[in-house]
file model_36.cif (mmCIF, C-alpha atoms)
data_my_file
loop_
_atom_site.label_atom_id
_atom_site.label_comp_id
_atom_site.auth_asym_id
_atom_site.auth_seq_id
_atom_site.Cartn_x
_atom_site.Cartn_y
_atom_site.Cartn_z
CA MET G 23 24.47 -1.48 -12.60
CA GLN G 24 21.05 -1.60 -14.23
CA THR G 25 17.69 -1.63 -12.48
CA ASN G 26 14.28 -2.18 -14.05
CA ILE G 27 11.14 -0.76 -12.44
CA MET G 28 7.49 -1.39 -13.36
CA ILE G 29 4.76 0.98 -12.16
CA SER G 30 1.23 -0.07 -12.96
CA GLY G 31 -2.40 0.53 -12.09
CA THR G 32 -5.35 2.11 -13.83
CA GLY G 33 -5.76 5.33 -15.77
CA GLY G 34 -6.38 8.29 -13.48
CA GLN G 35 -4.05 7.09 -10.71
CA GLY G 36 -1.08 9.09 -11.99
CA ILE G 37 0.90 6.03 -13.04
CA LEU G 38 2.49 7.73 -16.05
CA ALA G 39 3.16 10.89 -14.04
CA ALA G 40 4.87 8.78 -11.36
CA ALA G 41 7.20 7.36 -14.00
CA ASP G 42 7.98 10.88 -15.20
CA PHE G 43 8.78 12.01 -11.63
CA LEU G 44 10.94 8.93 -11.12
CA GLY G 45 12.80 9.45 -14.39
CA GLU G 46 13.47 13.09 -13.55
CA ALA G 47 14.78 12.22 -10.08
CA LEU G 48 17.01 9.46 -11.45
CA PHE G 49 18.38 11.81 -14.10
CA ARG G 50 19.17 14.33 -11.32
CA ASN G 51 21.15 11.54 -9.59
CA ASN G 52 23.25 11.09 -12.76
CA PHE G 53 21.67 7.86 -13.97
CA HIS G 54 20.96 7.02 -17.57
CA VAL G 55 17.17 6.63 -17.76
CA VAL G 56 14.70 5.28 -20.31
CA ALA G 57 10.96 5.10 -19.71
CA THR G 58 8.26 3.48 -21.80
CA ARG G 59 4.50 3.61 -21.28
CA SER G 60 1.48 1.50 -21.97
CA TYR G 61 -2.15 2.40 -21.45
CA GLY G 62 -5.60 1.41 -22.61
CA ALA G 63 -7.79 3.44 -24.90
CA GLU G 64 -9.77 4.73 -21.93
CA ALA G 65 -8.51 7.91 -20.28
CA ARG G 66 -9.58 6.75 -16.83
CA GLY G 67 -10.20 3.28 -15.54
CA GLY G 68 -8.26 1.39 -18.20
CA ALA G 69 -4.91 -0.27 -17.65
CA ALA G 70 -1.90 2.03 -17.31
CA GLY G 71 1.72 1.08 -16.90
CA ALA G 72 5.18 2.50 -17.16
CA GLN G 73 8.53 0.82 -17.29
CA VAL G 74 11.67 2.64 -16.19
CA VAL G 75 15.19 1.39 -16.86
CA LEU G 76 17.99 3.08 -14.94
CA SER G 77 21.67 2.43 -15.30
CA THR G 78 25.04 3.84 -14.41
CA ASP G 79 26.10 3.02 -17.98
CA PRO G 80 24.48 3.92 -21.31
CA ILE G 81 21.32 1.90 -21.94
CA HIS G 82 21.45 -0.11 -25.15
CA HIS G 83 18.21 -2.05 -24.72
CA PRO G 84 15.49 0.36 -23.55
CA HIS G 85 12.79 -2.22 -22.94
CA LEU G 86 12.09 -3.77 -19.60
CA ILE G 87 12.87 -7.48 -19.61
CA GLU G 88 12.74 -8.53 -15.98
CA PRO G 89 11.78 -5.86 -13.45
CA THR G 90 13.67 -5.86 -10.16
CA SER G 91 11.07 -3.74 -8.38
CA MET G 92 7.41 -2.97 -8.93
CA ILE G 93 4.82 -0.51 -7.72
CA MET G 94 1.34 -2.01 -8.19
CA MET G 95 -1.78 0.07 -7.67
CA SER G 96 -4.55 -2.18 -9.00
CA GLN G 97 -5.56 -5.82 -8.78
CA GLY G 98 -5.48 -6.19 -12.56
CA ALA G 99 -1.94 -4.85 -12.72
CA TYR G 100 -0.90 -7.26 -9.98
CA ALA G 101 -2.34 -10.24 -11.86
CA LYS G 102 -0.77 -9.21 -15.16
CA TYR G 103 2.71 -8.09 -14.11
CA VAL G 104 3.79 -9.72 -10.84
CA PRO G 105 4.67 -12.99 -12.62
CA THR G 106 7.37 -11.04 -14.50
CA LEU G 107 9.09 -9.70 -11.36
CA ALA G 108 12.62 -11.08 -10.98
CA PRO G 109 13.12 -13.67 -8.24
CA GLY G 110 14.27 -11.76 -5.17
CA GLY G 111 12.61 -8.61 -6.53
CA ILE G 112 10.67 -6.13 -4.43
CA LEU G 113 6.94 -5.56 -4.83
CA LEU G 114 5.37 -2.46 -3.31
CA LEU G 115 1.61 -2.28 -3.48
CA ASP G 116 -1.33 -0.14 -2.53
CA GLU G 117 -2.77 -2.60 -0.04
CA GLY G 118 -6.12 -0.85 -0.10
CA LEU G 119 -6.53 -1.74 -3.77
CA VAL G 120 -4.51 -4.95 -4.17
CA SER G 121 -5.22 -8.16 -2.28
CA LEU G 122 -2.63 -10.91 -2.28
CA PRO G 123 -3.91 -14.28 -3.49
CA ALA G 124 -3.24 -17.47 -1.54
CA ASP G 125 -0.61 -18.46 -4.12
CA HIS G 126 1.34 -15.16 -3.90
CA ARG G 127 4.97 -15.64 -4.88
CA ALA G 128 7.23 -16.63 -1.99
CA ASP G 129 10.41 -15.76 -3.94
CA ILE G 130 9.83 -11.99 -3.87
CA GLU G 131 9.77 -9.41 -1.11
CA THR G 132 6.32 -7.81 -0.74
CA HIS G 133 5.38 -4.67 1.19
CA GLY G 134 2.21 -2.65 1.17
CA MET G 135 0.63 0.50 2.43
CA PRO G 136 -2.83 2.02 1.87
CA ALA G 137 -1.64 4.79 -0.45
CA THR G 138 -5.02 5.74 -1.88
CA ARG G 139 -6.64 5.91 1.56
CA ILE G 140 -3.76 8.06 2.82
CA ALA G 141 -4.06 10.41 -0.15
CA GLU G 142 -7.84 10.67 0.39
CA GLU G 143 -7.24 11.54 4.06
CA LEU G 144 -4.84 14.27 2.92
CA GLY G 145 -7.62 15.68 0.72
CA ASN G 146 -6.37 14.65 -2.73
CA ASN G 147 -6.72 11.02 -3.85
CA ARG G 148 -4.58 11.82 -6.87
CA ALA G 149 -1.55 12.03 -4.56
CA ALA G 150 -1.59 8.24 -4.04
CA ASN G 151 1.12 7.90 -6.69
CA THR G 152 3.30 10.27 -4.67
CA VAL G 153 2.75 8.20 -1.53
CA MET G 154 4.00 5.17 -3.46
CA LEU G 155 7.00 7.06 -4.86
CA GLY G 156 8.02 8.08 -1.35
CA PHE G 157 7.62 4.45 -0.30
CA TRP G 158 9.74 3.24 -3.24
CA THR G 159 12.41 5.92 -2.76
CA ALA G 160 13.16 4.91 0.84
CA ALA G 161 12.61 1.16 0.46
CA ILE G 162 14.77 0.74 -2.64
CA GLY G 163 17.37 3.47 -2.06
CA ALA G 164 18.27 3.91 -5.73
CA VAL G 165 17.60 7.64 -5.80
CA SER G 166 18.05 10.36 -3.20
CA GLU G 167 15.12 11.67 -1.21
CA ALA G 168 16.06 15.24 -2.19
CA ALA G 169 16.06 14.48 -5.93
CA MET G 170 12.68 12.71 -5.78
CA ARG G 171 11.10 15.46 -3.66
CA GLN G 172 12.37 18.10 -6.08
CA ALA G 173 11.15 16.16 -9.13
CA VAL G 174 7.68 15.83 -7.62
CA ALA G 175 7.51 19.43 -6.39
CA GLU G 176 8.52 20.82 -9.77
CA SER G 177 6.17 18.57 -11.74
CA VAL G 178 2.82 18.68 -9.94
CA PRO G 179 0.44 21.65 -10.24
CA ALA G 180 1.49 24.47 -7.88
CA LYS G 181 -1.71 24.22 -5.85
CA THR G 182 -0.98 20.55 -5.04
CA VAL G 183 2.68 20.80 -4.05
CA GLU G 184 1.95 20.89 -0.31
CA VAL G 185 -0.33 17.85 -0.32
CA ASN G 186 2.08 15.93 -2.55
CA MET G 187 5.00 16.67 -0.23
CA LYS G 188 2.94 15.42 2.74
CA ALA G 189 2.01 12.32 0.73
CA PHE G 190 5.64 11.74 -0.21
CA ASP G 191 6.75 12.08 3.43
CA ILE G 192 4.23 9.50 4.65
CA GLY G 193 5.32 7.02 1.97
CA PHE G 194 8.99 7.74 2.63
CA ARG G 195 8.61 7.05 6.37
CA ARG G 196 6.98 3.70 5.58
CA GLY G 197 9.78 2.91 3.14
CA LEU G 198 12.38 3.65 5.82
CA GLU G 199 10.67 1.08 8.05
CA VAL G 200 10.93 -1.50 5.26
CA ALA G 201 14.58 -0.65 4.59
CA ALA G 202 15.47 -0.88 8.30
CA ARG G 203 13.77 -4.27 8.61
CA ASP G 204 15.64 -5.61 5.58
CA LYS G 205 19.08 -4.76 7.01
#

call {"tool": "encode", "arguments": {"input": "model_36.cif", "output": "C-alpha cells"}}
result
Amino acid sequence: MQTNIMISGTGGQGILAAADFLGEALFRNNFHVVATRSYGAEARGGAAGAQVVLSTDPIHHPHLIEPTSMIMMSQGAYAKYVPTLAPGGILLLDEGLVSLPADHRADIETHGMPATRIAEELGNNRAANTVMLGFWTAAIGAVSEAAMRQAVAESVPAKTVEVNMKAFDIGFRRGLEVAARDK
C-alpha cells in the first residue's frame, strides 16, 4: 500500500512543520516515509508545500505523482494543486481561507473546517496546522491518533503543547464526523 499526501498553503502557516509531524507519526506506525518540500523565497506569505509518501513497502520513487489526499490552507494552493488530486481522492481545506469555485471537482471528496479561526480562538493562530492534522488523522485513518498526538507534542515548543493538543482534538473530532459519514 502506498499513499501520497500533499499539504500546502503559505509560509508562516506551519505547512512544513505539519509534514514533519505527519512523517514522524507515520514512522511511529511502522510506515516507510519520504517527504519533500517546496517553498517560495519569502519566509512568510509565499507559497509553501510539502509532499509525503507513505508505504508499507520500501519507497523506490520518493516524489509525489498523484496525491490521494490533500490538506489545503490557502486559495493559491487550492488553485495550483487540486487539479493533481487523484480521482476519488480526499481534499481537506481550511474553509475560512479557501473558497470553492463553481467548477470545483465533482470526482473528489471535499471537507472543510475553519482551522485558522479555531486556532485564533484558542489563542495561537499558528496551531491551525495542528487543527488540520487532527482533521486528517481521523478522516483518513492512515495513522493512529496516539502516534500523531505524540509527534505533535514532542515537536512543538513546550509552551505551545497545550494549545496544540486542544487544536488537534478539535480537528480530530471533526475528522471523526467525516469518517462516520463516509461509512

call {"tool": "resolve_selection", "arguments": {"input": "model_36.cif", "expression": "the PyMOL selection byres ((chain G and resi 169) around 10)", "output": "ChimeraX atom specification"}}
result
/G:43-44,46-51,159,165-168,170-175

call {"tool": "resolve_selection", "arguments": {"input": "model_36.cif", "expression": "the PyMOL selection byres ((chain G and resi 56) around 6)", "output": "PDB file with C-alpha atoms, in the frame of the given file"}}
result
ATOM      1  CA  VAL G  55      17.170   6.630 -17.760  1.00  0.00           C
ATOM      2  CA  ALA G  57      10.960   5.100 -19.710  1.00  0.00           C
ATOM      3  CA  VAL G  74      11.670   2.640 -16.190  1.00  0.00           C
ATOM      4  CA  VAL G  75      15.190   1.390 -16.860  1.00  0.00           C
ATOM      5  CA  PRO G  84      15.490   0.360 -23.550  1.00  0.00           C
TER       6      PRO G  84
END

call {"tool": "resolve_selection", "arguments": {"input": "model_36.cif", "expression": "the PyMOL selection byres ((chain G and resi 196) around 12)", "output": "PyMOL selection string"}}
result
chain G and resi 114+133-137+140+153-162+189-195+197-203

call {"tool": "write_last_selection", "arguments": {"input": "model_36.cif", "atoms": "C-alpha atoms", "output": "short mmCIF file (atom, residue, chain, number, x, y, z; two decimals), keeping the file's coordinate frame"}}
result
data_model
loop_
_atom_site.label_atom_id
_atom_site.label_comp_id
_atom_site.auth_asym_id
_atom_site.auth_seq_id
_atom_site.Cartn_x
_atom_site.Cartn_y
_atom_site.Cartn_z
CA LEU G 114 5.37 -2.46 -3.31
CA HIS G 133 5.38 -4.67 1.19
CA GLY G 134 2.21 -2.65 1.17
CA MET G 135 0.63 0.50 2.43
CA PRO G 136 -2.83 2.02 1.87
CA ALA G 137 -1.64 4.79 -0.45
CA ILE G 140 -3.76 8.06 2.82
CA VAL G 153 2.75 8.20 -1.53
CA MET G 154 4.00 5.17 -3.46
CA LEU G 155 7.00 7.06 -4.86
CA GLY G 156 8.02 8.08 -1.35
CA PHE G 157 7.62 4.45 -0.30
CA TRP G 158 9.74 3.24 -3.24
CA THR G 159 12.41 5.92 -2.76
CA ALA G 160 13.16 4.91 0.84
CA ALA G 161 12.61 1.16 0.46
CA ILE G 162 14.77 0.74 -2.64
CA ALA G 189 2.01 12.32 0.73
CA PHE G 190 5.64 11.74 -0.21
CA ASP G 191 6.75 12.08 3.43
CA ILE G 192 4.23 9.50 4.65
CA GLY G 193 5.32 7.02 1.97
CA PHE G 194 8.99 7.74 2.63
CA ARG G 195 8.61 7.05 6.37
CA GLY G 197 9.78 2.91 3.14
CA LEU G 198 12.38 3.65 5.82
CA GLU G 199 10.67 1.08 8.05
CA VAL G 200 10.93 -1.50 5.26
CA ALA G 201 14.58 -0.65 4.59
CA ALA G 202 15.47 -0.88 8.30
CA ARG G 203 13.77 -4.27 8.61
#

call {"tool": "atom_distance", "arguments": {"input": "model_36.cif", "atom1": "CA of Thr138 (chain G)", "atom2": "CA of Asp204 (chain G)"}}
result
24.7 Å

call {"tool": "closest_residue", "arguments": {"input": "model_36.cif", "among": "G:Thr106, G:Gln97, G:Thr58, G:Thr152", "to": "Gly118 (chain G)", "atoms": "all atoms listed in the file"}}
result
G:Gln97

call {"tool": "closest_residue", "arguments": {"input": "model_36.cif", "among": "G:Ala72, G:Ser77, G:Asp125, G:Thr132", "to": "Asp42 (chain G)", "atoms": "all atoms listed in the file"}}
result
G:Ala72

call {"tool": "residues_around", "arguments": {"input": "model_36.cif", "residues": "Asn26 (chain G)", "least_positions_apart": "4", "cutoff": "7 Å", "atoms": "only C-alpha atoms", "output": "list in words"}}
result
Val74, Val75, Leu76, Leu86, Glu88, Pro89, Thr90 and Ser91 of chain G
